[in-house]
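Asks: Handing you a structure now.
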Amino acid sequence: MEGTETTPRTIASRIKGIRDAISGFFLMLYRIYAFVLRFFKEVFLPPYEFKEVVRQCYETGVRSFTLITLTGFIIGVIFTKQSRPSLTDFGATSWLPSLVSIAIMKALAPLVTALIAAGKVGSSIGAELGSMRVTEQIDAMEVSGTKPFKFLVCTRVIATTFTIPLLATYVALIALFGGYLNIAQNEGTSYSTFIEQAFEPITFVDIWASLAKAVVFGFTIGIVGCYQGYNSTKGTEGVGKAANGAVVTAMFLVFIEEVLIVQIAGWFR
Amino acid sequence: MEKQKANIDLNNEVIRIRGLQKSFGDYHVLRGIDLDLYQGENLVVLGRSGTGKSVLIKLISGMLYPDTGTINVLGNELTGITEKEMEALRIRIGFSFQNSALYDSMTVRKNLEFPLVRNRKGITRKEIDTNVHSVLDAVGLSQTINQMPSELSGGQRKRIGIARTLILNPEIMLYDEPTAGLDPITCIEINELINEVQQRYNTSSIIITHDLTCAKMVGDRVAMLLDGQFQRVGSFDEVFATDDARVKPFYDYNFVE
């Protein structure tokens, strides 16, 4: 008797759960959309927070610089090392500089930079703004006549959008340097020959596509980190969730954007 | 401990609230609030936790929007006010947060300079320094100027929080639980500071608390918020001269052994 009573209730509660989850997902999409729209609405209006943007650019650059340098160099060395045996089989080791350059410039540099920045910068933005939200610091800004969205969100998003392409370019150069050292040691290729061969297959569209990717990745990391932190709730638990959400969501979106931009850049070639 | 008579202008209402209602989902927090705050007055709002005391001052400062009812602050009706007008009005209202809400990444000096630099265009370095030292002196914490908020005690943080609101010379002060989490001696010091602010800056204040010592020390008038409405409003003694089972335990807990 009990079982016949509870089963329809269980089914109803499950349906309600699924319905809530779906509506929650679309509500979240709408909120992100509104957040992005608000960014574009406020970013062009005065007051312009130049000082804070510069400070945030410095923070973004400094936070990831060491890790990015190390990772970029290692990627260059390892990629060259791993690619050599396959090319040796075909007697094509002279193509190594071109191969390394194509892989790094077209794909690895912006992607690796974005993934590192999502971990270092995105999480830090999420945690910082989340902590400010739960300790009422954002409210304190609002009641003291400061626009917190402008001061906290716009500045950080501009900073990541501007800094991550710079970091990606730096990673590309460092990775190429790593590749060069490995090639020079094993094949004895001179610096000028390496540079010539490395840049020969790279077109203008490739460089622009790479930079465009880095700009989009930078914007994504900034806006996702800010969204998660700015809308953080539930005290310290919320801060952790904001930091975690900033990294996971940004990384997920970065991969989707990578696919889309590669596809779009392909149409221009 | 008793509050000294303040210079209150009963012909000048700085805040006038009528029929204010606010709900969160199905939970009706405020169910028709009527309130007047007069120039120079300290009004203490008492009530149990979760009765909507903080919601009330957040509505007054424009951080929340009412469901129904009107709020008039310094001659401005908050319903229908533009964003720009609200920003200008907020500068005239000081809000002292329960947990001080000091900016963690800034020193005490930067915390105090922040609202000043952003709201007083063209202010000189010398004027900034003068203002910073003046408010720090007012709260008796000049020595902390270069310290980080994390290096301050709870009482010091409260004082710096109050100093940060005072730096814009507000006409109205809203204190959210100013003595929460502090030891009794520090509570008395904060209460004295609230009275000092009233005298020195000629502010009108709403003090949200459930600390009766604070209410007695700082309140020119006390309003008891019960079931989403002000049930008793008057002097401290008038409010507690009752056998109402919802009011009496407050007094008994604080003052009767």
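Ordering of the structure tokens sets the chain letters (A, B, ...), residue numbers begin anew at 1 in every chain, and ligands are numbered from 1 in the order given.
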Please report as a ChimeraX atom specification which residues of chain A come no farther than 12 Å from chain B, using only C-alpha atoms.
Replies: /A:47-49,128-129,131-148,151
Asks: Which polymer residues have any atom within 9 Å of an atom of Ala109 in chain A, counting only C-alpha atoms, with same-chain residues fewer than 4 positions away left out, as a list in words?
Replies: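 Skipping anything fewer than 4 positions along the chain leaves Gly72, Ala103, Ile104, Met105, Thr113, Ala114, Leu167, Ala168, Thr169, Tyr170, Val171, Ala172, Leu173, Ala175, Ser210 and Ala214 of chain A.
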Asks: Include N, CA, C and O atoms and write out the residues we just selected as an mmCIF file, in the first residue's frame.
Replies:
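The file below, result13.cif, is the result:
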```
data_model
loop_
_atom_site.group_PDB
_atom_site.id
_atom_site.type_symbol
_atom_site.label_atom_id
_atom_site.label_comp_id
_atom_site.auth_asym_id
_atom_site.auth_seq_id
_atom_site.Cartn_x
_atom_site.Cartn_y
_atom_site.Cartn_z
ATOM 1 N N GLY A 72 56.025 27.284 -21.228
ATOM 2 C CA GLY A 72 56.309 27.583 -22.637
ATOM 3 C C GLY A 72 57.614 26.940 -23.079
ATOM 4 O O GLY A 72 57.679 26.279 -24.128
ATOM 5 N N ALA A 103 52.840 24.234 -34.920
ATOM 6 C CA ALA A 103 52.113 23.738 -33.744
ATOM 7 C C ALA A 103 52.025 24.809 -32.656
ATOM 8 O O ALA A 103 50.960 25.039 -32.067
ATOM 9 N N ILE A 104 53.153 25.468 -32.423
ATOM 10 C CA ILE A 104 53.185 26.446 -31.318
ATOM 11 C C ILE A 104 52.393 27.699 -31.659
ATOM 12 O O ILE A 104 51.535 28.142 -30.901
ATOM 13 N N MET A 105 52.688 28.257 -32.831
ATOM 14 C CA MET A 105 52.064 29.545 -33.177
ATOM 15 C C MET A 105 50.557 29.405 -33.419
ATOM 16 O O MET A 105 49.780 30.259 -33.016
ATOM 17 N N THR A 113 48.473 29.110 -22.866
ATOM 18 C CA THR A 113 48.406 30.347 -22.073
ATOM 19 C C THR A 113 47.028 30.493 -21.435
ATOM 20 O O THR A 113 46.909 30.826 -20.252
ATOM 21 N N ALA A 114 45.995 30.232 -22.230
ATOM 22 C CA ALA A 114 44.629 30.378 -21.711
ATOM 23 C C ALA A 114 44.362 29.392 -20.587
ATOM 24 O O ALA A 114 43.752 29.747 -19.572
ATOM 25 N N LEU A 167 50.740 37.621 -23.249
ATOM 26 C CA LEU A 167 51.349 36.435 -22.642
ATOM 27 C C LEU A 167 51.452 35.295 -23.661
ATOM 28 O O LEU A 167 52.440 34.564 -23.685
ATOM 29 N N ALA A 168 50.419 35.171 -24.508
ATOM 30 C CA ALA A 168 50.427 34.105 -25.527
ATOM 31 C C ALA A 168 51.576 34.328 -26.517
ATOM 32 O O ALA A 168 52.261 33.375 -26.916
ATOM 33 N N THR A 169 51.801 35.594 -26.889
ATOM 34 C CA THR A 169 52.915 35.908 -27.798
ATOM 35 C C THR A 169 54.239 35.550 -27.122
ATOM 36 O O THR A 169 55.138 34.963 -27.734
ATOM 37 N N TYR A 170 54.329 35.888 -25.839
ATOM 38 C CA TYR A 170 55.539 35.594 -25.071
ATOM 39 C C TYR A 170 55.763 34.075 -24.994
ATOM 40 O O TYR A 170 56.887 33.593 -25.185
ATOM 41 N N VAL A 171 54.687 33.335 -24.737
ATOM 42 C CA VAL A 171 54.784 31.869 -24.659
ATOM 43 C C VAL A 171 55.266 31.311 -25.993
ATOM 44 O O VAL A 171 56.129 30.419 -26.033
ATOM 45 N N ALA A 172 54.731 31.850 -27.092
ATOM 46 C CA ALA A 172 55.137 31.377 -28.418
ATOM 47 C C ALA A 172 56.641 31.569 -28.604
ATOM 48 O O ALA A 172 57.347 30.652 -29.069
ATOM 49 N N LEU A 173 57.132 32.735 -28.223
ATOM 50 C CA LEU A 173 58.568 33.015 -28.399
ATOM 51 C C LEU A 173 59.427 32.125 -27.513
ATOM 52 O O LEU A 173 60.447 31.584 -27.944
ATOM 53 N N ALA A 175 58.588 29.185 -26.274
ATOM 54 C CA ALA A 175 58.485 27.799 -26.743
ATOM 55 C C ALA A 175 59.362 27.599 -27.989
ATOM 56 O O ALA A 175 60.043 26.581 -28.117
ATOM 57 N N SER A 210 45.599 33.526 -34.330
ATOM 58 C CA SER A 210 46.163 33.179 -33.030
ATOM 59 C C SER A 210 45.916 34.288 -32.011
ATOM 60 O O SER A 210 45.530 34.033 -30.870
ATOM 61 N N ALA A 214 43.554 34.403 -28.636
ATOM 62 C CA ALA A 214 44.036 34.816 -27.305
ATOM 63 C C ALA A 214 43.158 35.928 -26.722
ATOM 64 O O ALA A 214 42.883 35.938 -25.521
#
```
Asks: For Tyr251 in chain B, list every protein, DNA or RNA residue within 12 Å, evaluated using only C-alpha atoms, and leave out those in the same chain fewer than 3 positions away; present the list as a ChimeraX atom specification.
Replies: /B:46-47,210-213,215-216,224,236-237,239-248,254-257
Asks: Write out as JSON, numbers by chain each polymer residue whose atoms come within 10 Å of Thr249 in chain A, counting only C-alpha atoms; drop sequence neighbours fewer than 2 positions from it.
Replies: {"A": [118, 122, 220, 221, 224, 225, 228, 244, 245, 246, 247, 251, 252, 253, 254]}
Asks: Enumerate the residues of range 6-163 of chain B with a DSSP assignment of strand (DSSP E), computed from the backbone, and present them as an mmCIF file with N, CA, C and O atoms, in the first residue's frame.
Replies:
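Output below, filename states_31.cif:
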```cif
data_model
loop_
_atom_site.group_PDB
_atom_site.id
_atom_site.type_symbol
_atom_site.label_atom_id
_atom_site.label_comp_id
_atom_site.auth_asym_id
_atom_site.auth_seq_id
_atom_site.Cartn_x
_atom_site.Cartn_y
_atom_site.Cartn_z
ATOM 1 N N ASP B 9 15.601 68.209 15.458
ATOM 2 C CA ASP B 9 14.665 69.123 14.810
ATOM 3 C C ASP B 9 13.425 68.336 14.369
ATOM 4 O O ASP B 9 13.433 67.682 13.315
ATOM 5 N N LEU B 10 12.369 68.408 15.161
ATOM 6 C CA LEU B 10 11.166 67.608 14.890
ATOM 7 C C LEU B 10 10.371 68.098 13.670
ATOM 8 O O LEU B 10 9.446 67.433 13.216
ATOM 9 N N ASN B 11 10.759 69.258 13.146
ATOM 10 C CA ASN B 11 10.074 69.770 11.951
ATOM 11 C C ASN B 11 10.775 69.336 10.668
ATOM 12 O O ASN B 11 10.341 69.682 9.579
ATOM 13 N N ASN B 12 11.882 68.633 10.836
ATOM 14 C CA ASN B 12 12.679 68.267 9.666
ATOM 15 C C ASN B 12 12.861 66.748 9.599
ATOM 16 O O ASN B 12 13.716 66.184 10.269
ATOM 17 N N GLU B 13 12.034 66.110 8.762
ATOM 18 C CA GLU B 13 12.154 64.655 8.602
ATOM 19 C C GLU B 13 13.214 64.368 7.546
ATOM 20 O O GLU B 13 13.089 64.811 6.416
ATOM 21 N N VAL B 14 14.241 63.636 7.917
ATOM 22 C CA VAL B 14 15.261 63.287 6.911
ATOM 23 C C VAL B 14 14.908 61.964 6.226
ATOM 24 O O VAL B 14 15.309 61.711 5.090
ATOM 25 N N ILE B 15 14.175 61.117 6.938
ATOM 26 C CA ILE B 15 13.666 59.880 6.321
ATOM 27 C C ILE B 15 12.180 59.751 6.652
ATOM 28 O O ILE B 15 11.785 59.933 7.814
ATOM 29 N N ARG B 16 11.363 59.464 5.627
ATOM 30 C CA ARG B 16 9.941 59.222 5.867
ATOM 31 C C ARG B 16 9.530 57.956 5.095
ATOM 32 O O ARG B 16 9.686 57.899 3.873
ATOM 33 N N ILE B 17 9.089 56.972 5.826
ATOM 34 C CA ILE B 17 8.707 55.695 5.201
ATOM 35 C C ILE B 17 7.231 55.440 5.470
ATOM 36 O O ILE B 17 6.769 55.610 6.600
ATOM 37 N N ARG B 18 6.528 55.034 4.431
ATOM 38 C CA ARG B 18 5.095 54.759 4.581
ATOM 39 C C ARG B 18 4.725 53.435 3.888
ATOM 40 O O ARG B 18 5.057 53.239 2.705
ATOM 41 N N GLY B 19 4.080 52.573 4.632
ATOM 42 C CA GLY B 19 3.533 51.318 4.078
ATOM 43 C C GLY B 19 4.549 50.426 3.391
ATOM 44 O O GLY B 19 4.227 49.779 2.391
ATOM 45 N N LEU B 20 5.756 50.384 3.922
ATOM 46 C CA LEU B 20 6.840 49.637 3.263
ATOM 47 C C LEU B 20 6.672 48.125 3.459
ATOM 48 O O LEU B 20 6.524 47.640 4.575
ATOM 49 N N GLN B 21 6.712 47.417 2.336
ATOM 50 C CA GLN B 21 6.623 45.958 2.397
ATOM 51 C C GLN B 21 7.743 45.356 1.560
ATOM 52 O O GLN B 21 8.091 45.878 0.500
ATOM 53 N N LYS B 22 8.283 44.264 2.085
ATOM 54 C CA LYS B 22 9.332 43.555 1.340
ATOM 55 C C LYS B 22 9.252 42.066 1.633
ATOM 56 O O LYS B 22 9.173 41.643 2.786
ATOM 57 N N SER B 23 9.266 41.291 0.563
ATOM 58 C CA SER B 23 9.226 39.829 0.710
ATOM 59 C C SER B 23 10.394 39.217 -0.056
ATOM 60 O O SER B 23 10.866 39.783 -1.043
ATOM 61 N N PHE B 24 10.840 38.067 0.420
ATOM 62 C CA PHE B 24 11.800 37.251 -0.328
ATOM 63 C C PHE B 24 11.110 35.918 -0.601
ATOM 64 O O PHE B 24 10.974 35.104 0.316
ATOM 65 N N TYR B 27 8.455 34.498 1.895
ATOM 66 C CA TYR B 27 8.736 34.997 3.236
ATOM 67 C C TYR B 27 8.543 36.529 3.282
ATOM 68 O O TYR B 27 9.323 37.282 2.712
ATOM 69 N N HIS B 28 7.488 36.941 3.964
ATOM 70 C CA HIS B 28 7.193 38.374 4.075
ATOM 71 C C HIS B 28 7.979 38.959 5.241
ATOM 72 O O HIS B 28 7.653 38.709 6.390
ATOM 73 N N VAL B 29 9.024 39.690 4.917
ATOM 74 C CA VAL B 29 9.924 40.204 5.965
ATOM 75 C C VAL B 29 9.331 41.474 6.573
ATOM 76 O O VAL B 29 9.146 41.562 7.787
ATOM 77 N N LEU B 30 9.051 42.448 5.757
ATOM 78 C CA LEU B 30 8.477 43.703 6.248
ATOM 79 C C LEU B 30 7.033 43.785 5.756
ATOM 80 O O LEU B 30 6.764 43.647 4.568
ATOM 81 N N ARG B 31 6.106 44.044 6.703
ATOM 82 C CA ARG B 31 4.676 43.986 6.345
ATOM 83 C C ARG B 31 3.963 45.296 6.623
ATOM 84 O O ARG B 31 3.006 45.348 7.366
ATOM 85 N N GLY B 32 4.496 46.362 6.104
ATOM 86 C CA GLY B 32 3.846 47.660 6.302
ATOM 87 C C GLY B 32 4.541 48.483 7.368
ATOM 88 O O GLY B 32 4.050 48.645 8.480
ATOM 89 N N ILE B 33 5.715 48.996 6.994
ATOM 90 C CA ILE B 33 6.520 49.793 7.938
ATOM 91 C C ILE B 33 6.227 51.276 7.723
ATOM 92 O O ILE B 33 6.270 51.764 6.591
ATOM 93 N N ASP B 34 5.931 51.989 8.803
ATOM 94 C CA ASP B 34 5.839 53.454 8.790
ATOM 95 C C ASP B 34 6.917 53.977 9.724
ATOM 96 O O ASP B 34 7.019 53.497 10.860
ATOM 97 N N LEU B 35 7.696 54.929 9.247
ATOM 98 C CA LEU B 35 8.817 55.396 10.079
ATOM 99 C C LEU B 35 9.206 56.820 9.699
ATOM 100 O O LEU B 35 9.230 57.182 8.522
ATOM 101 N N ASP B 36 9.494 57.635 10.724
ATOM 102 C CA ASP B 36 10.046 58.977 10.498
ATOM 103 C C ASP B 36 11.354 59.080 11.266
ATOM 104 O O ASP B 36 11.423 58.664 12.424
ATOM 105 N N LEU B 37 12.371 59.622 10.603
ATOM 106 C CA LEU B 37 13.627 59.920 11.303
ATOM 107 C C LEU B 37 13.839 61.423 11.190
ATOM 108 O O LEU B 37 13.803 61.987 10.097
ATOM 109 N N TYR B 38 14.041 62.062 12.334
ATOM 110 C CA TYR B 38 14.171 63.523 12.342
ATOM 111 C C TYR B 38 15.637 63.946 12.340
ATOM 112 O O TYR B 38 16.522 63.192 12.773
ATOM 113 N N GLN B 39 15.862 65.145 11.868
ATOM 114 C CA GLN B 39 17.205 65.714 11.800
ATOM 115 C C GLN B 39 17.846 65.706 13.200
ATOM 116 O O GLN B 39 17.262 66.187 14.163
ATOM 117 N N ASN B 42 18.956 59.984 16.829
ATOM 118 C CA ASN B 42 19.441 58.601 16.762
ATOM 119 C C ASN B 42 18.253 57.676 17.012
ATOM 120 O O ASN B 42 17.713 57.666 18.122
ATOM 121 N N LEU B 43 17.865 56.923 16.012
ATOM 122 C CA LEU B 43 16.748 55.990 16.175
ATOM 123 C C LEU B 43 17.291 54.566 16.188
ATOM 124 O O LEU B 43 17.979 54.151 15.260
ATOM 125 N N VAL B 44 17.003 53.855 17.257
ATOM 126 C CA VAL B 44 17.463 52.467 17.357
ATOM 127 C C VAL B 44 16.328 51.536 16.924
ATOM 128 O O VAL B 44 15.207 51.673 17.395
ATOM 129 N N VAL B 45 16.643 50.631 16.019
ATOM 130 C CA VAL B 45 15.659 49.628 15.611
ATOM 131 C C VAL B 45 16.055 48.299 16.252
ATOM 132 O O VAL B 45 17.133 47.767 15.983
ATOM 133 N N LEU B 46 15.189 47.829 17.119
ATOM 134 C CA LEU B 46 15.443 46.574 17.832
ATOM 135 C C LEU B 46 14.600 45.464 17.234
ATOM 136 O O LEU B 46 13.534 45.717 16.673
ATOM 137 N N THR B 68 6.216 47.213 -2.057
ATOM 138 C CA THR B 68 5.250 48.327 -2.072
ATOM 139 C C THR B 68 5.652 49.326 -0.995
ATOM 140 O O THR B 68 6.482 49.026 -0.136
ATOM 141 N N GLY B 69 5.045 50.498 -1.048
ATOM 142 C CA GLY B 69 5.338 51.520 -0.046
ATOM 143 C C GLY B 69 6.303 52.572 -0.577
ATOM 144 O O GLY B 69 6.847 52.424 -1.674
ATOM 145 N N THR B 70 6.458 53.638 0.190
ATOM 146 C CA THR B 70 7.332 54.727 -0.252
ATOM 147 C C THR B 70 8.436 54.985 0.769
ATOM 148 O O THR B 70 8.229 54.837 1.969
ATOM 149 N N ILE B 71 9.591 55.360 0.243
ATOM 150 C CA ILE B 71 10.722 55.745 1.096
ATOM 151 C C ILE B 71 11.200 57.107 0.606
ATOM 152 O O ILE B 71 11.564 57.253 -0.567
ATOM 153 N N ASN B 72 11.163 58.081 1.495
ATOM 154 C CA ASN B 72 11.674 59.410 1.143
ATOM 155 C C ASN B 72 12.910 59.680 1.987
ATOM 156 O O ASN B 72 12.852 59.659 3.209
ATOM 157 N N VAL B 73 14.042 59.887 1.315
ATOM 158 C CA VAL B 73 15.294 60.145 2.016
ATOM 159 C C VAL B 73 15.820 61.506 1.593
ATOM 160 O O VAL B 73 16.050 61.737 0.406
ATOM 161 N N ASN B 76 14.158 62.966 -1.308
ATOM 162 C CA ASN B 76 14.139 62.188 -2.558
ATOM 163 C C ASN B 76 13.286 60.933 -2.385
ATOM 164 O O ASN B 76 13.567 60.120 -1.501
ATOM 165 N N GLU B 77 12.279 60.794 -3.243
ATOM 166 C CA GLU B 77 11.486 59.559 -3.234
ATOM 167 C C GLU B 77 12.318 58.472 -3.928
ATOM 168 O O GLU B 77 12.719 58.644 -5.081
ATOM 169 N N ILE B 93 24.529 59.474 2.502
ATOM 170 C CA ILE B 93 24.162 58.458 3.499
ATOM 171 C C ILE B 93 25.390 57.610 3.823
ATOM 172 O O ILE B 93 26.001 57.041 2.921
ATOM 173 N N GLY B 94 25.734 57.531 5.080
ATOM 174 C CA GLY B 94 26.852 56.666 5.486
ATOM 175 C C GLY B 94 26.304 55.328 5.947
ATOM 176 O O GLY B 94 25.301 55.278 6.649
ATOM 177 N N PHE B 95 26.955 54.245 5.521
ATOM 178 C CA PHE B 95 26.479 52.913 5.890
ATOM 179 C C PHE B 95 27.619 52.167 6.571
ATOM 180 O O PHE B 95 28.632 51.893 5.953
ATOM 181 N N SER B 96 27.413 51.888 7.862
ATOM 182 C CA SER B 96 28.425 51.127 8.599
ATOM 183 C C SER B 96 27.990 49.665 8.657
ATOM 184 O O SER B 96 26.958 49.341 9.243
#
```
Asks: Write out as a list of chain:residue names all residues of range 34-87 of chain B that DSSP puts in alpha helix (DSSP H) for this structure's backbone.
Replies: B:Lys53, B:Ser54, B:Val55, B:Leu56, B:Ile57, B:Lys58, B:Leu59, B:Ile60, B:Glu83, B:Lys84, B:Glu85, B:Met86, B:Glu87
Asks: Would you pick out the contacts of Gln198 in chain B at 12 Å or less, using only C-alpha atoms, so that residues sharing its chain but fewer than 4 positions from it are not included, and give the list as a VMD selection string?
Replies: chain B and resid 3 to 8 39 to 43 138 166 169 to 174 191 to 194 202 to 207 218 to 220
Asks: Hey, can you spit out that residue selection with N, CA and C atoms as a JSON list (two decimals), in the first residue's frame?
Replies:
```json
[["chain", "number", "residue", "atom", "x", "y", "z"],
["B", 3, "LYS", "N", 21.39, 58.10, 27.67],
["B", 3, "LYS", "CA", 21.67, 58.98, 26.54],
["B", 3, "LYS", "C", 21.40, 60.43, 26.91],
["B", 4, "GLN", "N", 22.36, 61.31, 26.52],
["B", 4, "GLN", "CA", 22.14, 62.75, 26.77],
["B", 4, "GLN", "C", 21.18, 63.29, 25.72],
["B", 5, "LYS", "N", 20.48, 64.36, 26.08],
["B", 5, "LYS", "CA", 19.49, 64.95, 25.17],
["B", 5, "LYS", "C", 20.20, 65.48, 23.92],
["B", 6, "ALA", "N", 19.69, 65.08, 22.77],
["B", 6, "ALA", "CA", 20.30, 65.52, 21.51],
["B", 6, "ALA", "C", 19.51, 66.70, 20.93],
["B", 7, "ASN", "N", 20.16, 67.38, 20.00],
["B", 7, "ASN", "CA", 19.53, 68.53, 19.38],
["B", 7, "ASN", "C", 18.73, 68.06, 18.15],
["B", 8, "ILE", "N", 17.46, 67.69, 18.39],
["B", 8, "ILE", "CA", 16.64, 67.09, 17.32],
["B", 8, "ILE", "C", 15.65, 68.13, 16.78],
["B", 39, "GLN", "N", 15.86, 65.15, 11.87],
["B", 39, "GLN", "CA", 17.21, 65.71, 11.80],
["B", 39, "GLN", "C", 17.85, 65.71, 13.20],
["B", 40, "GLY", "N", 19.03, 65.12, 13.28],
["B", 40, "GLY", "CA", 19.79, 65.10, 14.53],
["B", 40, "GLY", "C", 19.43, 63.96, 15.47],
["B", 41, "GLU", "N", 18.52, 63.08, 15.03],
["B", 41, "GLU", "CA", 18.03, 62.02, 15.92],
["B", 41, "GLU", "C", 18.78, 60.70, 15.73],
["B", 42, "ASN", "N", 18.96, 59.98, 16.83],
["B", 42, "ASN", "CA", 19.44, 58.60, 16.76],
["B", 42, "ASN", "C", 18.25, 57.68, 17.01],
["B", 43, "LEU", "N", 17.86, 56.92, 16.01],
["B", 43, "LEU", "CA", 16.75, 55.99, 16.17],
["B", 43, "LEU", "C", 17.29, 54.57, 16.19],
["B", 138, "ALA", "N", 38.95, 61.40, 14.71],
["B", 138, "ALA", "CA", 37.59, 61.33, 15.27],
["B", 138, "ALA", "C", 37.28, 59.96, 15.86],
["B", 166, "LEU", "N", 32.36, 58.36, 7.44],
["B", 166, "LEU", "CA", 32.35, 59.77, 7.87],
["B", 166, "LEU", "C", 33.13, 60.68, 6.93],
["B", 169, "ASN", "N", 31.32, 63.08, 4.92],
["B", 169, "ASN", "CA", 30.42, 63.96, 5.68],
["B", 169, "ASN", "C", 28.95, 63.64, 5.43],
["B", 170, "PRO", "N", 28.52, 62.44, 5.75],
["B", 170, "PRO", "CA", 27.12, 62.08, 5.45],
["B", 170, "PRO", "C", 26.14, 62.80, 6.37],
["B", 171, "GLU", "N", 24.93, 62.99, 5.89],
["B", 171, "GLU", "CA", 23.90, 63.62, 6.72],
["B", 171, "GLU", "C", 23.16, 62.56, 7.52],
["B", 172, "ILE", "N", 23.12, 61.34, 6.96],
["B", 172, "ILE", "CA", 22.45, 60.23, 7.65],
["B", 172, "ILE", "C", 23.45, 59.11, 7.84],
["B", 173, "MET", "N", 23.43, 58.50, 9.01],
["B", 173, "MET", "CA", 24.28, 57.32, 9.25],
["B", 173, "MET", "C", 23.38, 56.11, 9.50],
["B", 174, "LEU", "N", 23.70, 55.01, 8.82],
["B", 174, "LEU", "CA", 22.98, 53.76, 9.05],
["B", 174, "LEU", "C", 23.97, 52.76, 9.63],
["B", 191, "ASN", "N", 29.56, 52.56, 21.27],
["B", 191, "ASN", "CA", 28.35, 53.33, 21.56],
["B", 191, "ASN", "C", 28.69, 54.81, 21.78],
["B", 192, "GLU", "N", 29.79, 55.03, 22.53],
["B", 192, "GLU", "CA", 30.22, 56.42, 22.77],
["B", 192, "GLU", "C", 30.61, 57.10, 21.46],
["B", 193, "LEU", "N", 31.24, 56.30, 20.58],
["B", 193, "LEU", "CA", 31.64, 56.86, 19.29],
["B", 193, "LEU", "C", 30.40, 57.26, 18.46],
["B", 194, "ILE", "N", 29.36, 56.42, 18.52],
["B", 194, "ILE", "CA", 28.12, 56.73, 17.77],
["B", 194, "ILE", "C", 27.53, 58.06, 18.27],
["B", 202, "ASN", "N", 26.73, 66.16, 13.38],
["B", 202, "ASN", "CA", 25.32, 66.53, 13.31],
["B", 202, "ASN", "C", 24.53, 65.57, 12.40],
["B", 203, "THR", "N", 24.76, 64.29, 12.58],
["B", 203, "THR", "CA", 24.10, 63.29, 11.74],
["B", 203, "THR", "C", 22.79, 62.82, 12.35],
["B", 204, "SER", "N", 21.93, 62.31, 11.50],
["B", 204, "SER", "CA", 20.73, 61.60, 11.95],
["B", 204, "SER", "C", 21.03, 60.13, 11.68],
["B", 205, "SER", "N", 20.71, 59.26, 12.62],
["B", 205, "SER", "CA", 21.15, 57.87, 12.45],
["B", 205, "SER", "C", 20.06, 56.86, 12.73],
["B", 206, "ILE", "N", 20.16, 55.75, 12.01],
["B", 206, "ILE", "CA", 19.36, 54.57, 12.37],
["B", 206, "ILE", "C", 20.35, 53.50, 12.79],
["B", 207, "ILE", "N", 20.16, 53.00, 13.99],
["B", 207, "ILE", "CA", 21.08, 51.99, 14.52],
["B", 207, "ILE", "C", 20.32, 50.67, 14.66],
["B", 218, "VAL", "N", 22.62, 54.89, 23.01],
["B", 218, "VAL", "CA", 22.68, 55.75, 21.83],
["B", 218, "VAL", "C", 21.32, 56.23, 21.32],
["B", 219, "GLY", "N", 20.25, 55.55, 21.73],
["B", 219, "GLY", "CA", 18.95, 55.84, 21.12],
["B", 219, "GLY", "C", 18.22, 57.02, 21.71],
["B", 220, "ASP", "N", 17.87, 58.00, 20.89],
["B", 220, "ASP", "CA", 16.94, 59.05, 21.32],
["B", 220, "ASP", "C", 15.53, 58.47, 21.29]]
```
Asks: May I ask for the distance between CA of Phe26 in chain A and CA of Lys41 in chain A, given in Å to one decimal place?
Replies: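 Separation of CA of Phe26 in chain A and CA of Lys41 in chain A: 22.2 Å.
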Asks: Would you kindly return, as a PyMOL selection string, each protein, DNA or RNA residue with an atom no farther than 9 Å from any atom of Ala265 in chain A, considering only C-alpha atoms and excluding same-chain residues fewer than 4 positions away?
Replies: chain A and resi 205-206+208-209+260-261+269
Asks: Those residues with C-alpha atoms, as an mmCIF file, in the first residue's frame please?
Replies:
```cif
data_model
loop_
_atom_site.group_PDB
_atom_site.id
_atom_site.type_symbol
_atom_site.label_atom_id
_atom_site.label_comp_id
_atom_site.auth_asym_id
_atom_site.auth_seq_id
_atom_site.Cartn_x
_atom_site.Cartn_y
_atom_site.Cartn_z
ATOM 1 C CA VAL A 205 46.119 35.021 -41.183
ATOM 2 C CA ASP A 206 47.702 32.471 -38.836
ATOM 3 C CA TRP A 208 45.907 37.165 -36.583
ATOM 4 C CA ALA A 209 43.846 34.054 -35.892
ATOM 5 C CA LEU A 260 35.055 27.603 -33.456
ATOM 6 C CA ILE A 261 37.915 30.014 -34.198
ATOM 7 C CA ARG A 269 42.723 30.869 -45.811
#
```
Asks: May I ask for the distance between CA of Ile57 in chain B and CA of Leu226 in chain B, given in Å to one decimal place?
Replies: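 Here the two named atoms are 15.8 Å from each other.
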Asks: For range 144-146 of chain B, work out the shell of residues within 9 Å, counting only C-alpha atoms and skipping chain neighbours fewer than 5 positions away, then give it as a list in words.
Replies: Thr107, Val108, Arg109, Lys110, Val132, His133, Leu136, Leu152 and Gln156 of chain B
Asks: Using CA of Ile68 in chain A and CA of Lys213 in chain A as the two end points, give the distance in Å to one decimal.
Replies: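 We find that CA of Ile68 in chain A and CA of Lys213 in chain A lie 17.2 Å from each other.
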Asks: Restricting the calculation to only C-alpha atoms, which member of A:Thr160, A:Thr189, A:Ala127, A:Phe149 is positioned closest to Glu237 in chain A?
Replies: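 Between A:Thr160, A:Thr189, A:Ala127, A:Phe149, the residue approaching Glu237 in chain A most closely is A:Ala127.
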